[in-house]
$ cat model_12.cif   # mmCIF, C-alpha atoms and all ligand atoms
data_coords
loop_
_atom_site.label_atom_id
_atom_site.label_comp_id
_atom_site.auth_asym_id
_atom_site.auth_seq_id
_atom_site.Cartn_x
_atom_site.Cartn_y
_atom_site.Cartn_z
CA MET A 570 46.04 112.79 94.62
CA GLU A 571 49.23 111.57 93.12
CA GLY A 572 48.92 108.58 90.88
CA TYR A 573 50.96 106.29 88.74
CA VAL A 574 51.72 107.68 85.33
CA PRO A 575 52.28 104.90 82.83
CA ALA A 576 55.51 104.99 80.92
CA CYS A 577 55.41 107.01 77.76
CA ARG A 578 52.28 108.97 78.29
CA HIS A 579 54.38 112.09 78.58
CA PRO A 580 54.61 114.07 75.38
CA VAL A 581 57.44 116.52 74.98
CA ALA A 582 58.14 118.64 71.93
CA ALA A 583 60.03 117.04 69.10
CA GLU A 584 63.75 117.65 69.28
CA SER A 585 65.55 119.73 66.75
CA ALA A 586 68.31 117.80 65.06
CA ALA A 587 70.27 121.06 64.77
CA ASP A 588 70.14 121.86 68.47
CA THR A 589 72.00 119.30 70.50
CA SER A 590 72.04 121.40 73.67
CA ARG A 591 68.32 121.81 74.12
CA ALA A 592 66.63 119.95 76.91
CA PRO A 593 63.20 118.45 76.33
CA PRO A 594 60.69 121.07 77.45
CA THR A 595 58.23 120.67 80.26
CA SER A 596 56.21 117.53 79.98
CA LEU A 597 52.67 116.87 81.06
CA CYS A 598 53.55 114.04 83.33
CA LYS A 599 52.64 114.06 86.98
CA ARG A 600 55.64 112.01 87.97
CA PRO A 601 58.27 112.49 85.28
CA SER A 602 60.97 110.56 87.06
CA GLU A 603 59.23 107.28 86.29
CA ALA A 604 58.94 107.59 82.56
CA PRO A 605 61.37 107.93 79.70
CA PRO A 606 61.17 110.98 77.46
CA CYS A 607 58.76 110.78 74.60
CA ASP A 608 58.44 113.14 71.69
CA THR A 609 55.25 114.75 70.56
CA ILE A 610 54.74 114.00 66.93
CA PRO A 611 52.34 115.53 64.47
CA SER A 612 49.26 113.67 63.39
CA PRO A 613 49.88 111.26 60.55
CA MET A 614 49.30 113.03 57.24
CA THR A 615 49.83 110.38 54.64
CA THR A 616 46.86 108.66 53.08
CA GLN A 617 46.61 104.92 52.72
CA THR A 618 44.05 102.41 51.62
CA THR A 619 41.13 102.59 54.00
CA PRO A 620 40.19 99.20 55.44
CA THR A 621 36.65 98.10 54.64
CA SER A 622 35.98 96.68 58.10
CA PRO A 623 34.22 99.16 60.36
CA THR A 624 36.44 100.86 62.89
CA PRO A 625 35.79 99.27 66.28
CA ARG A 626 34.80 101.46 69.19
CA PRO A 627 37.03 101.07 72.24
CA ILE A 628 36.02 100.97 75.86
CA ARG A 629 37.88 103.85 77.46
CA ILE A 630 39.15 104.07 81.00
CA ALA A 631 41.20 107.20 81.69
CA ASP A 632 43.06 107.46 78.39
CA ASN A 633 43.43 103.71 77.95
CA ASN A 634 41.65 101.89 75.13
CA LEU A 635 40.21 98.40 75.58
CA TRP A 636 39.37 96.95 72.16
CA PRO A 637 36.45 94.46 71.97
CA PHE A 638 36.25 91.80 69.22
CA PRO A 639 33.26 89.41 69.01
CA LEU A 640 34.52 85.84 68.69
CA ALA A 641 33.29 83.28 66.15
CA THR A 642 32.81 80.84 68.99
CA GLY A 643 30.61 83.25 70.94
CA GLY A 644 31.52 85.81 73.52
CA THR A 645 33.95 88.66 73.07
CA LEU A 646 37.72 89.03 73.22
CA LEU A 647 39.02 92.22 74.78
CA VAL A 648 42.48 93.58 74.01
CA ASP A 649 43.82 94.96 77.31
CA ALA A 650 42.39 94.67 80.79
CA GLY A 651 42.51 98.35 81.79
CA TRP A 652 43.04 99.58 85.33
CA GLU A 653 41.70 101.67 88.16
CA PRO A 654 43.53 105.01 87.88
CA ASP A 655 44.50 106.15 91.39
CA ALA A 656 42.61 103.08 92.66
CA ASP A 657 39.35 104.78 91.63
CA PRO A 658 36.56 102.34 92.52
CA ALA A 659 34.40 103.89 89.79
CA ALA A 660 36.60 102.48 87.02
CA TRP A 661 35.09 98.99 86.97
CA PRO A 662 31.45 100.19 86.94
CA ALA A 663 32.44 102.61 84.14
CA ILE A 664 33.72 99.67 82.09
CA GLU A 665 30.54 97.74 82.78
CA ALA A 666 28.42 100.73 81.68
CA GLN A 667 30.33 101.03 78.42
CA LEU A 668 29.94 97.30 77.79
CA THR A 669 26.19 97.71 78.33
CA SER A 670 26.11 100.49 75.73
CA LEU A 671 27.71 98.01 73.30
CA GLY A 672 25.05 95.42 74.15
CA LEU A 673 27.47 93.36 76.22
CA ALA A 674 27.65 92.18 79.80
CA LEU A 675 30.78 91.47 81.84
CA ARG A 676 30.28 87.72 81.45
CA ASP A 677 30.38 88.11 77.64
CA ILE A 678 34.09 88.88 77.88
CA ARG A 679 35.59 85.40 77.48
CA VAL A 680 39.19 86.36 76.70
CA VAL A 681 41.24 89.34 77.83
CA VAL A 682 44.54 89.79 76.02
CA VAL A 683 47.05 91.82 78.02
CA THR A 684 49.40 93.60 75.62
CA HIS A 685 52.03 94.20 78.29
CA GLU A 686 52.75 94.08 81.99
CA HIS A 687 52.12 97.72 82.93
CA ILE A 688 49.48 98.55 85.50
CA ASP A 689 47.30 100.55 83.10
CA HIS A 690 47.01 97.58 80.73
CA ALA A 691 47.08 94.70 83.21
CA GLY A 692 45.75 96.16 86.46
CA LEU A 693 42.24 94.70 86.11
CA ALA A 694 43.29 91.25 84.86
CA ALA A 695 42.33 89.59 88.15
CA ARG A 696 38.95 91.32 88.03
CA TRP A 697 38.26 89.98 84.54
CA ALA A 698 39.37 86.51 85.59
CA ALA A 699 36.96 86.69 88.53
CA VAL A 700 34.02 87.21 86.14
CA GLY A 701 35.08 84.25 84.03
CA ALA A 702 37.45 85.61 81.40
CA ARG A 703 40.59 83.76 80.40
CA ILE A 704 43.60 86.05 80.65
CA VAL A 705 46.07 85.76 77.78
CA ALA A 706 49.52 87.32 78.08
CA ALA A 707 53.01 86.69 76.80
CA HIS A 708 54.90 84.19 78.90
CA ALA A 709 57.35 86.90 79.97
CA ALA A 710 54.50 89.05 81.30
CA VAL A 711 53.03 86.36 83.54
CA PRO A 712 55.23 86.99 86.64
CA ALA A 713 54.15 90.65 86.72
CA LEU A 714 50.47 89.67 86.39
CA THR A 715 50.64 87.15 89.21
CA ALA A 716 52.58 89.57 91.45
CA GLY A 717 50.42 92.66 90.93
CA LEU A 718 51.43 95.73 92.91
CA GLU A 719 54.24 93.85 94.67
CA GLY A 720 55.91 93.37 91.30
CA LEU A 721 55.58 97.06 90.51
CA ARG A 722 57.29 97.93 93.80
CA ALA A 723 60.12 95.48 93.08
CA GLN A 724 60.64 97.03 89.64
CA ARG A 725 60.72 100.50 91.16
CA LEU A 726 63.39 99.54 93.72
CA ALA A 727 65.49 97.80 91.07
CA ARG A 728 65.16 100.79 88.74
CA ALA A 729 66.41 103.22 91.40
CA ALA A 730 69.38 100.96 92.19
CA GLU A 731 70.23 100.58 88.51
CA LEU A 732 70.14 104.34 87.89
CA ALA A 733 72.47 104.80 90.88
CA ARG A 734 74.90 102.26 89.35
CA HIS A 735 74.76 104.30 86.13
CA GLY A 736 75.76 107.48 87.95
CA ALA A 737 72.47 109.08 89.00
CA PRO A 738 72.92 111.36 92.02
CA SER A 739 71.13 110.31 95.19
CA GLU A 740 68.48 113.02 94.87
CA VAL A 741 67.40 111.48 91.56
CA THR A 742 67.04 107.98 92.97
CA ALA A 743 65.43 109.34 96.13
CA THR A 744 62.68 110.81 93.98
CA LEU A 745 62.07 107.39 92.42
CA LEU A 746 62.07 105.63 95.77
CA GLY A 747 59.69 108.22 97.17
CA ALA A 748 57.06 107.41 94.55
CA ARG A 749 54.00 106.27 96.40
CA THR A 750 52.01 103.18 95.58
CA ALA A 751 49.43 103.71 98.32
CA GLN A 752 46.80 104.95 95.89
CA GLN A 753 47.38 102.20 93.38
CA ARG A 754 45.56 98.92 93.08
CA TRP A 755 46.81 95.95 91.08
CA GLU A 756 45.43 92.68 92.35
CA PRO A 757 47.55 89.59 91.61
CA CYS A 758 45.96 87.42 88.91
CA PRO A 759 45.78 83.69 89.73
CA ILE A 760 48.22 81.76 87.54
CA GLU A 761 45.53 79.18 86.66
CA ASP A 762 43.48 81.91 84.97
CA ILE A 763 46.33 82.86 82.61
CA THR A 764 47.08 81.25 79.26
CA PRO A 765 50.44 82.11 77.69
CA ALA A 766 49.91 83.88 74.36
CA GLU A 767 52.41 81.50 72.84
CA ASP A 768 49.85 78.70 73.42
CA ALA A 769 46.86 80.57 71.93
CA PRO A 770 48.12 82.69 69.08
CA THR A 771 44.99 82.94 66.90
CA TYR A 772 41.29 83.64 67.43
CA PRO A 773 38.61 83.39 64.68
CA LEU A 774 36.35 86.44 64.91
CA ALA A 775 32.60 86.61 64.34
CA ASP A 776 33.06 88.83 61.27
CA GLY A 777 35.16 86.18 59.52
CA ARG A 778 38.51 87.78 60.24
CA THR A 779 41.27 86.23 62.33
CA LEU A 780 42.99 87.88 65.28
CA ARG A 781 46.60 86.81 65.70
CA LEU A 782 48.80 87.54 68.70
CA ARG A 783 52.40 88.41 67.93
CA LEU A 784 55.19 88.73 70.46
CA ALA A 785 56.78 92.17 70.16
CA PRO A 786 59.22 92.49 73.08
CA GLY A 787 60.66 95.93 73.72
CA HIS A 788 58.32 98.30 75.49
CA THR A 789 58.35 95.54 78.11
CA PRO A 790 59.81 91.98 78.04
CA GLY A 791 56.29 90.52 77.78
CA ASN A 792 55.00 92.96 75.19
CA LEU A 793 52.71 91.66 72.45
CA VAL A 794 50.47 93.07 69.73
CA ALA A 795 47.50 91.68 67.83
CA THR A 796 46.87 91.78 64.10
CA ILE A 797 43.44 91.25 62.57
CA GLN A 798 43.29 89.85 59.07
CA ALA A 799 40.41 89.40 56.62
CA PRO A 800 40.05 85.92 55.08
CA ASP A 801 40.67 87.00 51.51
CA ASP A 802 43.61 89.28 52.28
CA ALA A 803 41.71 91.97 50.37
CA GLU A 804 42.34 94.56 52.99
CA GLY A 805 45.45 95.08 55.03
CA LEU A 806 45.87 94.27 58.67
CA ASP A 807 44.48 96.08 61.67
CA LEU A 808 47.10 96.32 64.39
CA CYS A 809 46.23 96.50 68.09
CA SER A 810 49.51 98.08 69.05
CA GLY A 811 49.23 98.42 72.82
CA ASP A 812 51.98 100.92 73.63
CA THR A 813 54.30 99.71 70.86
CA LEU A 814 53.15 102.48 68.54
CA LEU A 815 51.10 105.45 69.75
CA PRO A 816 49.49 108.30 67.79
CA THR A 817 50.83 111.27 69.75
CA THR A 818 53.96 110.08 71.53
CA ILE A 819 56.91 107.97 70.54
CA PRO A 820 57.19 105.04 72.93
CA THR A 821 60.63 104.70 74.41
CA PRO A 822 62.41 101.89 76.26
CA GLY A 823 62.29 101.26 79.97
CA LEU A 824 64.48 99.67 82.62
CA HIS A 825 63.19 96.15 83.19
CA PHE A 826 64.23 93.51 85.71
CA PRO A 827 62.31 90.34 84.84
CA HIS A 828 63.50 88.42 87.92
CA ALA A 829 63.42 91.26 90.47
CA LEU A 830 60.87 89.47 92.64
CA ALA A 831 63.25 86.53 92.96
CA GLY A 832 66.01 88.88 94.10
CA ASP A 833 67.86 88.86 90.77
CA THR A 834 68.12 92.44 89.54
CA SER A 835 69.76 91.69 86.19
CA ARG A 836 68.51 94.24 83.70
CA TRP A 837 66.82 93.19 80.46
CA PRO A 838 68.07 95.43 77.60
CA SER A 839 64.89 96.95 76.21
CA LEU A 840 65.63 99.11 73.19
CA PRO A 841 67.43 96.62 70.89
CA PRO A 842 64.47 94.19 70.82
CA PHE A 843 62.06 97.14 70.69
CA LEU A 844 63.65 98.39 67.46
CA ARG A 845 63.59 94.88 65.99
CA SER A 846 59.94 94.37 66.94
CA VAL A 847 58.85 97.61 65.29
CA ALA A 848 60.91 96.82 62.18
CA ALA A 849 59.20 93.41 61.95
CA LEU A 850 55.75 95.01 62.26
CA ARG A 851 56.63 97.55 59.61
CA ALA A 852 57.14 94.71 57.15
CA LEU A 853 53.47 93.70 57.56
CA PRO A 854 50.69 95.22 55.40
CA ILE A 855 49.21 97.20 58.28
CA THR A 856 46.57 99.70 57.22
CA ARG A 857 45.10 100.77 60.54
CA ILE A 858 46.38 100.98 64.11
CA LEU A 859 44.14 100.60 67.14
CA PRO A 860 46.47 101.94 69.85
CA GLY A 861 46.49 101.42 73.60
CA HIS A 862 46.04 105.16 74.04
CA GLY A 863 44.58 107.79 71.72
CA ASP A 864 42.66 107.63 68.49
CA VAL A 865 42.71 105.13 65.65
CA VAL A 866 45.56 105.77 63.22
CA ALA A 867 44.54 105.40 59.58
CA ALA A 868 48.01 106.11 58.15
CA PRO A 869 50.40 103.83 60.01
CA LEU A 870 53.46 104.28 57.81
CA ARG A 871 54.04 107.76 59.13
CA LEU A 872 54.11 106.43 62.71
CA PHE A 873 56.67 103.79 61.82
CA ALA A 874 58.87 106.40 60.12
CA GLN A 875 58.63 108.79 63.05
CA PHE A 876 59.52 106.04 65.52
CA GLU A 877 62.56 105.04 63.52
CA ASP A 878 63.68 108.63 62.83
CA HIS A 879 63.40 109.56 66.50
CA HIS A 880 65.52 106.66 67.67
CA ALA A 881 68.06 107.11 64.86
CA ARG A 882 68.55 110.75 65.88
CA ARG A 883 68.72 110.04 69.59
CA GLY A 884 71.07 107.13 68.99
CA ALA A 885 73.41 109.35 66.97
CA ARG A 886 73.49 111.96 69.74
CA VAL A 887 74.22 109.37 72.42
CA ARG A 888 76.97 107.87 70.28
CA ALA A 889 78.55 111.30 69.63
CA ALA A 890 78.46 112.16 73.34
CA LEU A 891 80.11 108.86 74.32
CA GLU A 892 82.70 109.20 71.57
CA ALA A 893 83.58 112.72 72.75
CA ALA A 894 83.93 111.53 76.35
CA GLY A 895 85.75 108.30 75.58
CA ALA A 896 84.36 106.83 78.80
CA ALA A 897 81.37 108.03 80.81
CA THR A 898 78.50 106.94 82.97
CA ALA A 899 75.02 106.91 81.45
CA PHE A 900 74.26 109.89 83.70
CA GLU A 901 77.14 111.84 82.16
CA VAL A 902 76.07 110.89 78.65
CA ALA A 903 72.48 111.93 79.37
CA ARG A 904 73.72 115.23 80.80
CA ALA A 905 75.82 115.82 77.66
CA VAL A 906 72.85 115.09 75.39
CA PHE A 907 70.40 117.13 77.51
CA PRO A 908 72.53 119.74 79.35
CA ARG A 909 69.60 121.91 80.36
CA LEU A 910 67.24 119.14 81.40
CA PRO A 911 65.71 119.81 84.85
CA HIS A 912 67.10 117.47 87.47
CA ALA A 913 63.66 116.02 88.10
CA ARG A 914 63.59 114.61 84.58
CA ILE A 915 67.09 113.20 84.32
CA ALA A 916 65.93 109.70 85.31
CA GLN A 917 63.78 109.42 82.22
CA ALA A 918 66.54 110.83 80.02
CA MET A 919 68.95 108.29 81.52
CA THR A 920 66.51 105.49 80.79
CA GLU A 921 66.43 106.30 77.11
CA THR A 922 70.19 106.92 77.07
CA ILE A 923 70.84 103.48 78.56
CA GLY A 924 68.58 102.05 75.85
CA HIS A 925 70.71 103.61 73.14
CA LEU A 926 73.92 102.54 74.87
CA ASP A 927 72.51 98.98 74.78
CA VAL A 928 72.00 99.38 71.03
CA LEU A 929 75.57 100.67 70.60
CA ALA A 930 76.89 97.78 72.69
CA GLU A 931 75.09 95.29 70.46
CA ALA A 932 76.68 96.98 67.45
CA GLY A 933 80.13 96.78 69.04
CA VAL A 934 80.44 100.56 69.33
CA ALA A 935 80.15 100.75 73.13
CA ARG A 936 81.17 98.52 76.00
CA ALA A 937 79.88 98.57 79.57
CA GLU A 938 82.38 97.98 82.35
CA THR A 939 81.26 97.30 85.88
CA THR A 940 83.58 98.30 88.71
CA ASP A 941 85.02 95.52 90.87
CA ASP A 942 82.60 96.28 93.68
CA LEU A 943 79.70 96.11 91.15
CA ALA A 944 78.60 99.55 92.36
CA HIS A 945 79.15 101.50 89.13
CA VAL A 946 78.83 100.99 85.40
CA VAL A 947 81.06 102.99 83.05
CA TRP A 948 80.47 102.98 79.31
CA HIS A 949 83.41 103.04 76.94
CA HIS A 950 83.43 104.07 73.32
CA VAL A 951 84.97 101.32 71.23
CA SER A 952 87.14 103.10 68.68
CA GLY A 953 87.92 101.79 65.25
CA THR A 954 84.35 100.70 64.55
CA ALA A 955 82.18 102.01 61.79
ZN ZN A 1001 49.98 102.36 78.48
#
$ encode --input "model_12.cif" --output "structure tokens" --more "lines below"
Ligand SMILES: [Zn+2]
Amino acid sequence: MEGYVPACRHPVAAESAADTSRAPPTSLCKRPSEAPPCDTIPSPMTTQTTPTSPTPRPIRIADNNLWPFPLATGGTLLVDAGWEPDADPAAWPAIEAQLTSLGLALRDIRVVVVTHEHIDHAGLAARWAAVGARIVAAHAAVPALTAGLEGLRAQRLARAAELARHGAPSEVTATLLGARTAQQRWEPCPIEDITPAEDAPTYPLADGRTLRLRLAPGHTPGNLVATIQAPDDAEGLDLCSGDTLLPTTIPTPGLHFPHALAGDTSRWPSLPPFLRSVAALRALPITRILPGHGDVVAAPLRLFAQFEDHHARRGARVRAALEAAGAATAFEVARAVFPRLPHARIAQAMTETIGHLDVLAEAGVARAETTDDLAHVVWHHVSGTA
């Protein structure tokens, strides 16, 4: 059965800075056209101060982590709602069984923080609300939560149209449009069950620490993370990173259309705020990362460095390709950066390329020009800039 593959769960081998012609090798993803390229990175090797707080045990559903934190006021806060992979009806009972093994019942979950508006993190929000949990999400994530699967379909249509405007051949967009949602379930979450994270930024925990929600737009417009801080500042911060930082892949930008359901398919540039969000997190004394996928990371600095190095290298290659062309579509730039990439994966390469073109545009190095009929976008290198 074909199922949705969340963005950036698709490791590919790390690129060689010396080889600019090599395409990313075969990925593990079931539907590569829906996800940007991600690089496999080695396990963090550096040692850092080990936090004294015990490492929490996540609830796992597929390869998603749901992180439980007992609240000082009673009940438990859960970071991320989880989902039903391929609409598997066994997912919810599996969550309940894991809660039981932690000595918890469904009704003990009073707050569910959704780190971002992707189905694997938000898909069960309505289910949690139905058993009495308050759903907390960034304001920008709320429309996706209240739309459910309909929102996912609207994003998919807008994404295909945007890639076509950026030069993708019809067979590339046809693959995207052919992606099935029949086996996916994402129930709309009632708006009255959702509290914007901006209105509830901190939660005192039963162990004396404080959980703080921090907006970190980039991976999605409504992306947030949580930091957990001890009262005496003796230890550093735990970071519930969602998909902002992951232990075995480097999260990359996406193509996002925050108002697609209202018929407005303006694209939200993803990578510039993503880079700023990660830079802001790097400035915090984070000593442990509890990611949305994969194992706890006890040496976060290495992850930050790898994220920044990856995007610096990719950005330089995109810039060089655009400079050599003078003017080109994002498809042509992606083809120049990855000349041997299989056609089936060009959509994800274009997605990351557009992200880097957005960064170059912000820096005044590139300029996007839309044709008079609005059908095509051509990127121009702006000469004379540093
Ligand atoms: Zn995810």
$ residues_around --input "model_12.cif" --residues "stretch 627-643 of chain A" --least-positions-apart "4" --cutoff "7 Å" --atoms "all atoms listed in the file" --output "JSON, numbers by chain"
{"A": [647, 648, 649, 650, 651, 654, 660, 664, 667, 773, 774, 775, 861, 862, 863]}
$ residues_around --input "model_12.cif" --residues "A:Ala903" --least-positions-apart "3" --cutoff "10 Å" --atoms "only C-alpha atoms" --output "list in words"
Arg886, Val887, Ala890, Leu891, Ala897, Thr898, Ala899, Phe900, Val906, Phe907, Pro908, Leu910, Ile915, Ala916, Gln917, Ala918, Met919, Thr920, Glu921, Thr922 and Ile923 of chain A
$ residues_near_ligand --input "model_12.cif" --ligand "ligand ZN 1001 (chain A)" --cutoff "12 Å" --atoms "all atoms listed in the file" --output "count of residues only"
46
$ residues_around --input "model_12.cif" --residues "A:Asp807" --least-positions-apart "5" --cutoff "10 Å" --atoms "only C-alpha atoms" --output "list in words"
Pro620, Ser622, Thr624, Leu780, Ala795, Thr796, Ile797, Gln798, Ala799, Pro854, Ile855, Thr856, Arg857, Ile858, Leu859, Val866, Ala867 and Pro869 of chain A
$ closest_residue --input "model_12.cif" --among "A:Asp801, A:Pro738, A:Ala694, A:Arg725" --to "A:Pro757" --atoms "all atoms listed in the file"
A:Ala694
$ build_atoms --input "model_12.cif" --residues "stretch 871-885 of chain A" --atoms "N, CA and C atoms" --output "PDB file, in the coordinates of the input"
ATOM      1  N   ARG A 871      53.449 106.556  58.563  1.00  0.00           N
ATOM      2  CA  ARG A 871      54.040 107.760  59.130  1.00  0.00           C
ATOM      3  C   ARG A 871      54.514 107.504  60.574  1.00  0.00           C
ATOM      4  N   LEU A 872      53.714 106.735  61.331  1.00  0.00           N
ATOM      5  CA  LEU A 872      54.110 106.430  62.710  1.00  0.00           C
ATOM      6  C   LEU A 872      55.384 105.601  62.752  1.00  0.00           C
ATOM      7  N   PHE A 873      55.457 104.613  61.870  1.00  0.00           N
ATOM      8  CA  PHE A 873      56.670 103.790  61.820  1.00  0.00           C
ATOM      9  C   PHE A 873      57.889 104.667  61.512  1.00  0.00           C
ATOM     10  N   ALA A 874      57.741 105.553  60.529  1.00  0.00           N
ATOM     11  CA  ALA A 874      58.870 106.400  60.120  1.00  0.00           C
ATOM     12  C   ALA A 874      59.287 107.318  61.265  1.00  0.00           C
ATOM     13  N   GLN A 875      58.304 107.870  61.964  1.00  0.00           N
ATOM     14  CA  GLN A 875      58.630 108.790  63.050  1.00  0.00           C
ATOM     15  C   GLN A 875      59.321 108.062  64.202  1.00  0.00           C
ATOM     16  N   PHE A 876      58.874 106.849  64.477  1.00  0.00           N
ATOM     17  CA  PHE A 876      59.520 106.040  65.520  1.00  0.00           C
ATOM     18  C   PHE A 876      60.985 105.807  65.160  1.00  0.00           C
ATOM     19  N   GLU A 877      61.201 105.381  63.929  1.00  0.00           N
ATOM     20  CA  GLU A 877      62.560 105.040  63.520  1.00  0.00           C
ATOM     21  C   GLU A 877      63.441 106.282  63.437  1.00  0.00           C
ATOM     22  N   ASP A 878      62.893 107.385  62.919  1.00  0.00           N
ATOM     23  CA  ASP A 878      63.680 108.630  62.830  1.00  0.00           C
ATOM     24  C   ASP A 878      64.080 109.120  64.212  1.00  0.00           C
ATOM     25  N   HIS A 879      63.119 109.086  65.129  1.00  0.00           N
ATOM     26  CA  HIS A 879      63.400 109.560  66.500  1.00  0.00           C
ATOM     27  C   HIS A 879      64.568 108.784  67.092  1.00  0.00           C
ATOM     28  N   HIS A 880      64.480 107.450  67.014  1.00  0.00           N
ATOM     29  CA  HIS A 880      65.520 106.660  67.670  1.00  0.00           C
ATOM     30  C   HIS A 880      66.844 106.727  66.905  1.00  0.00           C
ATOM     31  N   ALA A 881      66.802 106.933  65.604  1.00  0.00           N
ATOM     32  CA  ALA A 881      68.060 107.110  64.860  1.00  0.00           C
ATOM     33  C   ALA A 881      68.747 108.402  65.304  1.00  0.00           C
ATOM     34  N   ARG A 882      67.963 109.460  65.464  1.00  0.00           N
ATOM     35  CA  ARG A 882      68.550 110.750  65.880  1.00  0.00           C
ATOM     36  C   ARG A 882      69.086 110.680  67.304  1.00  0.00           C
ATOM     37  N   ARG A 883      68.275 110.136  68.194  1.00  0.00           N
ATOM     38  CA  ARG A 883      68.720 110.040  69.590  1.00  0.00           C
ATOM     39  C   ARG A 883      69.952 109.145  69.707  1.00  0.00           C
ATOM     40  N   GLY A 884      69.940 108.051  68.956  1.00  0.00           N
ATOM     41  CA  GLY A 884      71.070 107.130  68.990  1.00  0.00           C
ATOM     42  C   GLY A 884      72.354 107.823  68.532  1.00  0.00           C
ATOM     43  N   ALA A 885      72.233 108.641  67.489  1.00  0.00           N
ATOM     44  CA  ALA A 885      73.410 109.350  66.970  1.00  0.00           C
ATOM     45  C   ALA A 885      73.940 110.335  68.007  1.00  0.00           C
TER      46      ALA A 885
END
